[in-house]
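Asks: Can you keep this structure in mind? I'll have questions shortly.
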Amino acid sequence: MATETPPATAASAKGATRKGDRIFLGLSRGSGITLLAIMAAIAVFLTWRAALAIGADEANFLTSFEWDANADPPRFGIAVLAFGTVVSSVLAMVLAVPVAVGIALFISHYAPRKLAAPLGYVIDLLAAVPSIVYGLWGALFLVPHLTGLYTWMDTYLGWTGLFTYHGGAARSLFTVGILLAIMILPIVTNVSREVFRQSPKMQEEAALALGATRWEVIRMSVLPFGRSGVISASMLGLGRALGETMAVATVLSPSFLIKASLLEPGGGTFAQNIAAGFKEAGSTGRDALIASGLVLFVITLLVNGAARLIIARRKEYSGANA
Amino acid sequence: MSRTAVADAPVDRAAPPVSTLRQPRLPRWAPLGLAAVAAVLGIGIGLVGGLDSRLQWGLIAAVLYLGLTAVLASTVEGTRQAKDRLATSVIWVCFLLAVVPLASLLWETLVRGAKVLDGYFLTHSMSGVITLEPGGGIYHALIGTLEQVGLATLIAAPLGLLTAVYLVEYGTGRLAKAITFFVDVMTGIPSIVAGLFILSFWIIILDFGYSGFAGAMALAILMMPIVVRSTEEMLKLVPNELREASLALGVPKWKTIIKVVLPTAVGGITTGIMLAVARIAGESAPILLLVFGSAEINNNPFDGAQSSLPYFIYEQWALGNEASYDRAWAAALVLIAFVMILNLVARGIARWKAPKH
Amino acid sequence: MAKRIDVSGLSAYYGSFRAIDDISMTVEPRSVTAFIGPSGCGKSTFLRTLNRMHEVTNGGRVEGKVMLDDEDLYGPGVDPVSVRRTVGMVFQRPNPFPTMSIYENVAAGLRLNGDHRKKDLDEIVERSLKGANLWNEVKDRLNRPGSGLSGGQQQRLCIARAIAVEPQVLLMDEPCSALDPISTLAIEDLIGELKSRFTIVIVTHNMQQAARVSDRTAFFNLAEVGAPGKLVEIDDTERIFSNPTVQATEDYISGRFG
């Protein structure tokens, strides 16, 4: 087509290129619309099946502690799942974020230069380790190694009621929280490190020239600059933790009870319950699981939305100071 | 402007005495020495107190180290230096705290996985193997993973790439804004939710059976936003001058995109797609819901249950005996190796293609 | 207040690259000394060795002695943090802390030491801002962010921040190169006032500026690209600009190279 030079065909060639443009635009726009259609379909189908299930539910979907979705009449509620999901994920975030910020600072400001680059690389790779591998390691290595710690926590912190432990395998929400923390550590570290690395050198030098120690430099110029970045990194990690399935399914010993002690086995999360209950579920049972999945979806949407909002705000903020 | 500045400077103000530049400092070996002392004390307390978990020994040592550093530094060097030292120690402890589990994860997988990993393991399925006994392999799971991930890539890569082209090269209006927004939303979909969607749509409503293809569709949903995002980033890096130069030569826009823009960004786009592949290759939740799992070799992803590497790991773990644990570790090792190699190659491509920009 | 700087046999390195070689000079207290020379001759590097900021850079390393009155900045047991409190610095581009208000910016150095009471702080902030000829312009908006000021005002804010901790010496690394002529004039006036209290060293690319503000001028040069920078000569500014001893200095000043 590029060689169509004779003037006689110029008009038709022009027509052809317009056609080419139209086709290409149509294709790429079509892909975008397909993507929107998929999102719409996800919302519609999940809501539809969920509505069917909730309509058939004889118990309160939001507050009931039961999960007898395959019984007739079906009785199920998400209270235990919501509790377990939120507690384990928040716990994971609380454990992971300070450590992740520490590692990020270590890589960006403390590690010897020769160590910093490979370290960042290793963290990148660790973020790619599949969750089922974390799950396997959690179940076969981490769980047996936590009983000692839990006994100790029971002795010294048992009085709070949150940390009583009576022996047995450490397959509790707390263990899930620890495992999730380890899993989200790389991603939170990565995002934070990226933010810290961009902190303006000029301000760091200004702090140094005022006679600030390294920690004071970080407090005066690195942390204020990176704060919103760290917050959004944490939310990103939280989003991952909320939706994690296999690692929770392998580590937790589930039950439909909410226990005061985080160290006692029991409880459940949305994703874990779907994975565990799916194979035995009948048709209403599957719809009930879909309904719980929809709730999980909405929660992760809110968390991710909050993270994006913070990132967007930060962009404006740094633009104003550029 | 004020002209009073100089006259304002009184002599009698309580300026801090800055006569000396020397501050009492701990010797250079102090952090290492303290760490050694803390480690010895930690082990000692652990042994005497009869604590059976090494984890506790380590935690006790870490806390002791921080405490000793704080006390010693604040008595010798003053509060500011003590804070600085404490912060440094905390950050080192953070780093070590994180390295231990992550290193342990890799180490355990390597050591336990190497036990049964051999040529036989890679080339045989679990068909007819008594799960309590050693033997069998992951051939059926490898086939499943390759087919499912391949199909997912075939769906997601073109759709994602074209969507990114639309957003960068054409999109300005409300449609583009909506797509950008929903790509963000899609990035956050938990994998199990993607699985549930295909379940409700494909299996419950359209009444198809479990198959590798059903799993591939869920994987494609997870992969699409990653491809869109990374491709978008890469296309934005292509300098506008290139597009204008091509358009000014009378090349139509679609040809400019295909012949100039995409080839310029091809390295980065490939990297993005490979990283996305690595990401979905490790997904097991949708497979559990949609592919159902099987011990047999099933080469047809469009009909009947299959297995996949992540699913195989889960299944063998769930069997709960020594032989199956060994197989799970070995499969985990293969999966990690697969994902790492994809990552390394992808980053290699990125680095190799980068200077051309 | 002000102290004398006595440098002897000082060389500075970036990794294995020697940026400046064997420099010796004396900087008189309560005077302005200007460093001039072509780009890359190491004058900024040398300036940064005077408050141990050079070693902050990747691979930065120093040999030789810098005596501040009778103490060697690089002596054993000397704390670089204390050195930087004693020798303040103003940078090429204004760099107020973007998240802090004007007031907090000036007080930043003082707050590091903790125990300042609000009343003392208020007084020192006011005095420093007056000292930097900025007080009248900002006294009504001390709680607004420092990044909202104009470039010239920001630079004077940075000077106020530096003098608030009462340093002995004030180093200025091309403080006017990012500013317009009017702001430059304001800073130059300010330098003239500050020299009665501080020992001032200023790096500048602008020879008129060196002639206007400084009492003594040091000319740096390098034999070729990649060779270390050297001190060619240091003398009274008047002498350097009218009757330099070394031919290279005269060539540079009269614009024949550089």
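Every chain in the structure tokens has a letter given in the order shown (A, B, ...), and although residue numbers restart at 1 in each chain, ligands are simply numbered from 1 in the order shown.
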Would you mind listing, as JSON, numbers by chain, all residues of chain A that have at least one atom within 12 Å of chain C, where only C-alpha atoms are what counts?
Replies: {"A": [109, 112, 113, 114, 199, 200, 201, 202, 203, 204, 205, 206, 207, 208, 209, 210, 211, 212, 213, 214, 215, 216, 217, 219, 220, 221, 222, 223, 224, 225, 226, 227, 317, 318, 319, 320, 321, 322]}
Asks: Report as an mmCIF file with C-alpha atoms, in the first residue's frame all protein, DNA and RNA residues lying within 8 Å of segment 22-39 of chain B, evaluated on only C-alpha atoms, omitting residues in the same chain fewer than 4 positions from it.
Replies:
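Everything below was put into out_32.cif:
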```
data_model
loop_
_atom_site.group_PDB
_atom_site.id
_atom_site.type_symbol
_atom_site.label_atom_id
_atom_site.label_comp_id
_atom_site.auth_asym_id
_atom_site.auth_seq_id
_atom_site.Cartn_x
_atom_site.Cartn_y
_atom_site.Cartn_z
ATOM 1 C CA ILE B 43 20.294 -17.582 73.520
ATOM 2 C CA GLY B 58 15.681 -14.113 68.149
ATOM 3 C CA ALA B 61 17.843 -10.834 71.321
ATOM 4 C CA ALA B 62 16.423 -8.137 69.045
ATOM 5 C CA LEU B 64 17.724 -6.638 74.097
ATOM 6 C CA TYR B 65 19.819 -5.175 71.301
ATOM 7 C CA LEU B 68 21.089 -1.855 75.169
ATOM 8 C CA THR B 69 21.720 0.481 72.245
ATOM 9 C CA ALA B 73 23.973 5.627 73.453
ATOM 10 C CA VAL B 76 27.425 8.230 76.377
ATOM 11 C CA GLU B 77 26.317 10.274 73.385
ATOM 12 C CA GLY C 77 36.546 11.840 67.182
ATOM 13 C CA VAL C 78 35.117 14.881 65.434
ATOM 14 C CA ASP C 79 31.406 14.554 64.872
ATOM 15 C CA SER C 82 28.533 19.119 65.147
#
```
Asks: Could you list, as a list in words, the residues of chain B having an atom within 6 Å of chain A when counting only C-alpha atoms?
Replies: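 Within 6 Å of chain A on chain B, we get Ser53, Asp84, Ile91, Cys94, Phe95, Leu159, Leu162, Thr163, Tyr166, Pro190, Val193, Phe197, Trp254, Gly282 and Ala332 of chain B.
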Asks: Could you write out that same residue set with C-alpha atoms as a PDB file, in the first residue's frame?
Replies:
```pdb
ATOM      1  CA  SER B  53      11.142 -21.732  69.839  1.00  0.00           C
ATOM      2  CA  ASP B  84      19.752   8.314  65.614  1.00  0.00           C
ATOM      3  CA  ILE B  91      15.841  -0.323  60.726  1.00  0.00           C
ATOM      4  CA  CYS B  94      13.362  -4.616  60.598  1.00  0.00           C
ATOM      5  CA  PHE B  95      15.481  -5.737  57.737  1.00  0.00           C
ATOM      6  CA  LEU B 159      -7.404  -7.062  24.468  1.00  0.00           C
ATOM      7  CA  LEU B 162      -5.423  -2.675  22.144  1.00  0.00           C
ATOM      8  CA  THR B 163      -7.145  -1.084  25.115  1.00  0.00           C
ATOM      9  CA  TYR B 166      -6.892   3.234  22.595  1.00  0.00           C
ATOM     10  CA  PRO B 190      -9.449 -10.639  44.231  1.00  0.00           C
ATOM     11  CA  VAL B 193     -13.972 -13.142  42.842  1.00  0.00           C
ATOM     12  CA  PHE B 197     -17.821 -14.547  38.168  1.00  0.00           C
ATOM     13  CA  TRP B 254      -2.960   3.308  12.321  1.00  0.00           C
ATOM     14  CA  GLY B 282       0.758 -18.774  40.384  1.00  0.00           C
ATOM     15  CA  ALA B 332       6.316 -25.462  44.607  1.00  0.00           C
TER      16      ALA B 332
END
```
Asks: Looking at C:Phe46, C:Trp135, C:Phe241, C:Tyr14, which one is nearest to chain B, with distances taken over only C-alpha atoms?
Replies: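 Ranked by minimum distance to chain B, first place goes to C:Trp135.
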Asks: Counting only C-alpha atoms, which residue out of B:Leu132, B:Leu86, B:Leu344, B:Leu117 sits closest to Ser74 of chain B?
Replies: B:Leu86
Asks: Enumerate, as an MDAnalysis selection string, the complete set of residues in segment 1-208 of chain C that a backbone-based DSSP assignment places in strand (DSSP E).
Replies: chainID C and resid 5:14 17:27 32:36 60:68 71:72 87:90 169:173 199:203
Asks: Take the residues just selected and output them with N, CA and C atoms as a short mmCIF file (atom, residue, chain, number, x, y, z; two decimals), in the first residue's frame.
Replies:
```
data_model
loop_
_atom_site.label_atom_id
_atom_site.label_comp_id
_atom_site.auth_asym_id
_atom_site.auth_seq_id
_atom_site.Cartn_x
_atom_site.Cartn_y
_atom_site.Cartn_z
N ILE C 5 39.39 29.90 59.15
CA ILE C 5 39.56 28.57 58.58
C ILE C 5 40.95 28.47 57.99
N ASP C 6 41.62 27.39 58.34
CA ASP C 6 42.97 27.20 57.85
C ASP C 6 43.06 25.83 57.19
N VAL C 7 43.15 25.83 55.86
CA VAL C 7 43.15 24.56 55.14
C VAL C 7 44.57 24.24 54.74
N SER C 8 44.99 22.99 54.96
CA SER C 8 46.32 22.63 54.47
C SER C 8 46.31 21.25 53.83
N GLY C 9 46.87 21.19 52.65
CA GLY C 9 47.08 19.94 51.91
C GLY C 9 45.82 19.13 51.71
N LEU C 10 44.73 19.81 51.31
CA LEU C 10 43.45 19.11 51.23
C LEU C 10 43.17 18.59 49.81
N SER C 11 42.87 17.29 49.74
CA SER C 11 42.45 16.69 48.47
C SER C 11 41.10 16.01 48.72
N ALA C 12 40.23 16.05 47.71
CA ALA C 12 38.93 15.40 47.85
C ALA C 12 38.71 14.45 46.68
N TYR C 13 38.06 13.34 46.98
CA TYR C 13 37.87 12.29 45.97
C TYR C 13 36.40 11.94 45.83
N TYR C 14 36.03 11.53 44.60
CA TYR C 14 34.78 10.80 44.40
C TYR C 14 35.19 9.39 44.01
N PHE C 17 38.32 8.92 41.80
CA PHE C 17 38.60 10.15 41.06
C PHE C 17 38.94 11.28 42.02
N ARG C 18 40.11 11.92 41.76
CA ARG C 18 40.50 13.02 42.62
C ARG C 18 39.93 14.32 42.03
N ALA C 19 39.02 14.95 42.78
CA ALA C 19 38.34 16.13 42.26
C ALA C 19 39.14 17.39 42.52
N ILE C 20 39.75 17.48 43.69
CA ILE C 20 40.62 18.63 43.97
C ILE C 20 41.89 18.12 44.63
N ASP C 21 42.95 18.84 44.38
CA ASP C 21 44.26 18.32 44.72
C ASP C 21 45.03 19.33 45.57
N ASP C 22 45.41 18.90 46.76
CA ASP C 22 46.41 19.59 47.57
C ASP C 22 46.14 21.09 47.70
N ILE C 23 45.03 21.43 48.31
CA ILE C 23 44.70 22.84 48.44
C ILE C 23 45.04 23.34 49.85
N SER C 24 45.70 24.48 49.91
CA SER C 24 45.98 25.12 51.19
C SER C 24 45.56 26.58 51.11
N MET C 25 44.86 27.06 52.09
CA MET C 25 44.53 28.49 52.12
C MET C 25 44.03 28.87 53.51
N THR C 26 43.97 30.17 53.73
CA THR C 26 43.44 30.66 54.98
C THR C 26 42.24 31.56 54.67
N VAL C 27 41.16 31.36 55.41
CA VAL C 27 40.00 32.22 55.24
C VAL C 27 39.86 33.04 56.52
N VAL C 32 34.43 38.22 53.64
CA VAL C 32 33.83 37.42 52.60
C VAL C 32 34.92 36.95 51.65
N THR C 33 35.00 35.65 51.49
CA THR C 33 35.96 35.10 50.55
C THR C 33 35.19 34.48 49.40
N ALA C 34 35.54 34.86 48.16
CA ALA C 34 34.83 34.32 47.01
C ALA C 34 35.70 33.30 46.31
N PHE C 35 35.06 32.19 45.85
CA PHE C 35 35.76 31.20 45.04
C PHE C 35 35.28 31.37 43.61
N ILE C 36 36.20 31.61 42.69
CA ILE C 36 35.80 31.67 41.28
C ILE C 36 36.61 30.67 40.48
N GLY C 60 32.36 9.90 48.39
CA GLY C 60 33.10 11.10 48.75
C GLY C 60 34.10 10.84 49.88
N ARG C 61 35.32 11.39 49.75
CA ARG C 61 36.39 11.08 50.69
C ARG C 61 37.36 12.26 50.69
N VAL C 62 37.96 12.54 51.82
CA VAL C 62 38.80 13.73 51.93
C VAL C 62 40.11 13.38 52.60
N GLU C 63 41.22 13.99 52.11
CA GLU C 63 42.51 13.88 52.80
C GLU C 63 42.98 15.30 53.10
N GLY C 64 43.71 15.44 54.20
CA GLY C 64 44.24 16.76 54.53
C GLY C 64 43.58 17.32 55.77
N LYS C 65 43.87 18.60 56.03
CA LYS C 65 43.43 19.22 57.28
C LYS C 65 42.60 20.45 57.01
N VAL C 66 41.53 20.62 57.78
CA VAL C 66 40.79 21.87 57.78
C VAL C 66 40.70 22.32 59.23
N MET C 67 41.49 23.35 59.59
CA MET C 67 41.46 23.82 60.97
C MET C 67 40.44 24.94 61.11
N LEU C 68 39.55 24.78 62.10
CA LEU C 68 38.62 25.85 62.41
C LEU C 68 39.13 26.44 63.72
N GLU C 71 40.86 23.69 65.84
CA GLU C 71 40.35 22.32 65.80
C GLU C 71 40.29 21.81 64.37
N ASP C 72 40.77 20.59 64.17
CA ASP C 72 40.73 20.01 62.83
C ASP C 72 39.36 19.36 62.59
N VAL C 87 29.33 25.13 60.98
CA VAL C 87 29.57 25.70 59.67
C VAL C 87 28.29 25.56 58.85
N GLY C 88 27.54 26.65 58.72
CA GLY C 88 26.26 26.59 58.03
C GLY C 88 26.44 26.65 56.53
N MET C 89 25.37 26.30 55.81
CA MET C 89 25.49 26.26 54.35
C MET C 89 24.20 26.72 53.69
N VAL C 90 24.38 27.46 52.58
CA VAL C 90 23.25 27.86 51.75
C VAL C 90 23.50 27.31 50.36
N VAL C 169 30.64 29.94 60.69
CA VAL C 169 31.00 30.17 59.29
C VAL C 169 29.75 29.94 58.45
N LEU C 170 29.61 30.70 57.36
CA LEU C 170 28.48 30.51 56.47
C LEU C 170 29.04 30.23 55.07
N LEU C 171 28.72 29.05 54.56
CA LEU C 171 29.17 28.70 53.21
C LEU C 171 28.01 28.92 52.24
N MET C 172 28.29 29.53 51.08
CA MET C 172 27.23 29.76 50.11
C MET C 172 27.68 29.23 48.76
N ASP C 173 26.90 28.29 48.25
CA ASP C 173 27.26 27.63 47.00
C ASP C 173 26.45 28.24 45.86
N THR C 199 32.05 34.40 59.31
CA THR C 199 33.04 34.19 58.26
C THR C 199 32.26 33.64 57.07
N ILE C 200 32.35 34.32 55.92
CA ILE C 200 31.53 33.91 54.79
C ILE C 200 32.40 33.44 53.63
N VAL C 201 32.05 32.29 53.08
CA VAL C 201 32.71 31.81 51.87
C VAL C 201 31.64 31.63 50.82
N ILE C 202 31.86 32.20 49.64
CA ILE C 202 30.84 32.13 48.61
C ILE C 202 31.46 31.64 47.29
N VAL C 203 30.80 30.64 46.71
CA VAL C 203 31.20 30.19 45.37
C VAL C 203 30.35 30.94 44.38
#
```
Asks: Would you list, as a ChimeraX atom specification, the residues of segment 203-267 of chain B that end up in helix (DSSP H, G or I) under DSSP run on this structure's backbone?
Replies: /B:203-205,212-237,240-248,253-267
Asks: Restricting it to C-alpha atoms, dump the selection as an mmCIF file, in the first residue's frame.
Replies:
```cif
data_model
loop_
_atom_site.group_PDB
_atom_site.id
_atom_site.type_symbol
_atom_site.label_atom_id
_atom_site.label_comp_id
_atom_site.auth_asym_id
_atom_site.auth_seq_id
_atom_site.Cartn_x
_atom_site.Cartn_y
_atom_site.Cartn_z
ATOM 1 C CA ILE B 203 -20.829 -22.835 34.591
ATOM 2 C CA ILE B 204 -24.031 -22.016 36.462
ATOM 3 C CA ILE B 205 -25.916 -19.969 33.879
ATOM 4 C CA GLY B 212 -9.173 -25.464 31.575
ATOM 5 C CA PHE B 213 -10.739 -22.815 29.383
ATOM 6 C CA ALA B 214 -13.071 -21.682 32.158
ATOM 7 C CA GLY B 215 -10.021 -21.202 34.378
ATOM 8 C CA ALA B 216 -8.215 -19.402 31.568
ATOM 9 C CA MET B 217 -11.047 -16.893 31.292
ATOM 10 C CA ALA B 218 -10.787 -16.052 34.979
ATOM 11 C CA LEU B 219 -7.010 -15.751 34.663
ATOM 12 C CA ALA B 220 -7.512 -13.461 31.664
ATOM 13 C CA ILE B 221 -9.666 -11.155 33.782
ATOM 14 C CA LEU B 222 -6.836 -10.935 36.303
ATOM 15 C CA MET B 223 -4.236 -10.430 33.606
ATOM 16 C CA MET B 224 -5.967 -7.796 31.489
ATOM 17 C CA PRO B 225 -5.597 -4.775 33.787
ATOM 18 C CA ILE B 226 -1.916 -5.556 34.392
ATOM 19 C CA VAL B 227 -1.275 -5.646 30.638
ATOM 20 C CA VAL B 228 -3.226 -2.424 30.072
ATOM 21 C CA ARG B 229 -1.322 -0.585 32.803
ATOM 22 C CA SER B 230 2.159 -1.672 31.776
ATOM 23 C CA THR B 231 1.515 -1.160 28.050
ATOM 24 C CA GLU B 232 0.080 2.270 28.755
ATOM 25 C CA GLU B 233 3.218 3.239 30.667
ATOM 26 C CA MET B 234 5.413 2.059 27.823
ATOM 27 C CA LEU B 235 3.418 3.809 25.097
ATOM 28 C CA LYS B 236 3.552 7.041 27.054
ATOM 29 C CA LEU B 237 7.341 6.787 27.005
ATOM 30 C CA ASN B 240 5.685 12.428 20.497
ATOM 31 C CA GLU B 241 8.278 13.590 17.964
ATOM 32 C CA LEU B 242 8.352 10.080 16.534
ATOM 33 C CA ARG B 243 4.603 10.053 15.962
ATOM 34 C CA GLU B 244 4.672 13.522 14.432
ATOM 35 C CA ALA B 245 7.609 12.665 12.187
ATOM 36 C CA SER B 246 5.744 9.665 10.847
ATOM 37 C CA LEU B 247 2.437 11.495 10.430
ATOM 38 C CA ALA B 248 4.234 14.334 8.671
ATOM 39 C CA LYS B 253 -2.293 7.020 12.016
ATOM 40 C CA TRP B 254 -2.960 3.308 12.321
ATOM 41 C CA LYS B 255 0.198 2.516 10.384
ATOM 42 C CA THR B 256 2.147 4.973 12.500
ATOM 43 C CA ILE B 257 0.994 3.115 15.571
ATOM 44 C CA ILE B 258 1.789 -0.311 14.158
ATOM 45 C CA LYS B 259 5.050 0.534 12.394
ATOM 46 C CA VAL B 260 6.513 3.242 14.637
ATOM 47 C CA VAL B 261 4.928 3.423 18.089
ATOM 48 C CA LEU B 262 4.514 -0.248 18.927
ATOM 49 C CA PRO B 263 7.967 -1.348 17.676
ATOM 50 C CA THR B 264 9.580 1.420 19.750
ATOM 51 C CA ALA B 265 7.842 0.192 22.873
ATOM 52 C CA VAL B 266 7.956 -3.520 22.099
ATOM 53 C CA GLY B 267 10.588 -4.343 24.722
#
```
Asks: Excluding same-chain residues fewer than 4 positions from Val116 of chain B, what lies within 10 Å of it counting only C-alpha atoms, as a PyMOL selection string?
Replies: chain B and resi 112+120-121+134-137+323+326-331
Asks: Could you pull the residues within 7 Å of Gly152 of chain C, counting only C-alpha atoms, minus those fewer than 3 positions along the same chain, as a list in words?
Replies: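 Everything that qualifies: Gln155, Arg156, Leu179 and Ser183 of chain C.
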Asks: For those residues, write N, CA and C atoms to a file as a short mmCIF file (atom, residue, chain, number, x, y, z; two decimals), in the first residue's frame.
Replies:
```cif
data_model
loop_
_atom_site.label_atom_id
_atom_site.label_comp_id
_atom_site.auth_asym_id
_atom_site.auth_seq_id
_atom_site.Cartn_x
_atom_site.Cartn_y
_atom_site.Cartn_z
N GLN C 155 15.32 31.93 49.02
CA GLN C 155 16.74 31.84 49.30
C GLN C 155 17.08 32.60 50.58
N ARG C 156 16.42 33.76 50.79
CA ARG C 156 16.69 34.49 52.04
C ARG C 156 16.14 33.72 53.24
N LEU C 179 18.48 32.96 40.69
CA LEU C 179 17.65 34.12 41.02
C LEU C 179 17.73 35.22 39.95
N SER C 183 16.54 40.05 43.01
CA SER C 183 16.72 39.17 44.17
C SER C 183 18.21 38.99 44.44
#
```
Asks: Do you have the atom CA of Arg117 of chain C-atom CA of Ile191 of chain C distance handy?
Replies: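 Straight-line distance from atom CA of Arg117 of chain C to atom CA of Ile191 of chain C works out to 29.4 Å.
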Asks: Just checking: using only C-alpha atoms, which residue out of B:Gly320, B:Thr75, B:Glu296, B:Leu21 ends up closest to chain C?
Replies: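 Residue with the minimum atom-to-atom distance to chain C: B:Leu21.
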Asks: If we count only C-alpha atoms and set the cut-off at 8 Å, which residues sit around segment 249-255 of chain C, ignoring sequence neighbours fewer than 4 positions away in its own chain? Please answer as a list in words.
Replies: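 That gives Gly37, Met207, Phe219, Val232, Glu233, Ile240, Phe241, Asn243, Pro244 and Thr245 of chain C.
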Asks: Selection from above, C-alpha atoms, as a PDB file, in the first residue's frame, can you write it?
Replies:
```pdb
ATOM      1  CA  GLY C  37      36.871  29.470  38.406  1.00  0.00           C
ATOM      2  CA  MET C 207      32.855  37.653  38.497  1.00  0.00           C
ATOM      3  CA  PHE C 219      40.806  31.403  41.731  1.00  0.00           C
ATOM      4  CA  VAL C 232      45.722  28.888  41.441  1.00  0.00           C
ATOM      5  CA  GLU C 233      45.933  31.866  43.757  1.00  0.00           C
ATOM      6  CA  ILE C 240      42.967  39.649  41.854  1.00  0.00           C
ATOM      7  CA  PHE C 241      40.826  41.800  39.629  1.00  0.00           C
ATOM      8  CA  ASN C 243      46.742  42.913  39.073  1.00  0.00           C
ATOM      9  CA  PRO C 244      46.770  39.130  39.511  1.00  0.00           C
ATOM     10  CA  THR C 245      50.089  37.366  39.949  1.00  0.00           C
TER      11      THR C 245
END
```
Asks: If I take atom CA of Ile311 of chain A and atom CA of Ser232 of chain A, how far is one from the other in Å, to one decimal?
Replies: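 The value is 6.3 Å.
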Asks: Atom CA of Phe220 of chain C to atom CA of Lys43 of chain C: how many Å, to one decimal?
Replies: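 A separation of 6.5 Å between them.
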Asks: Looking at only C-alpha atoms, which of C:Ser242, C:Ser196, C:Asn105, C:Gln209 is the one that sits closest to chain B?
Replies: C:Ser196
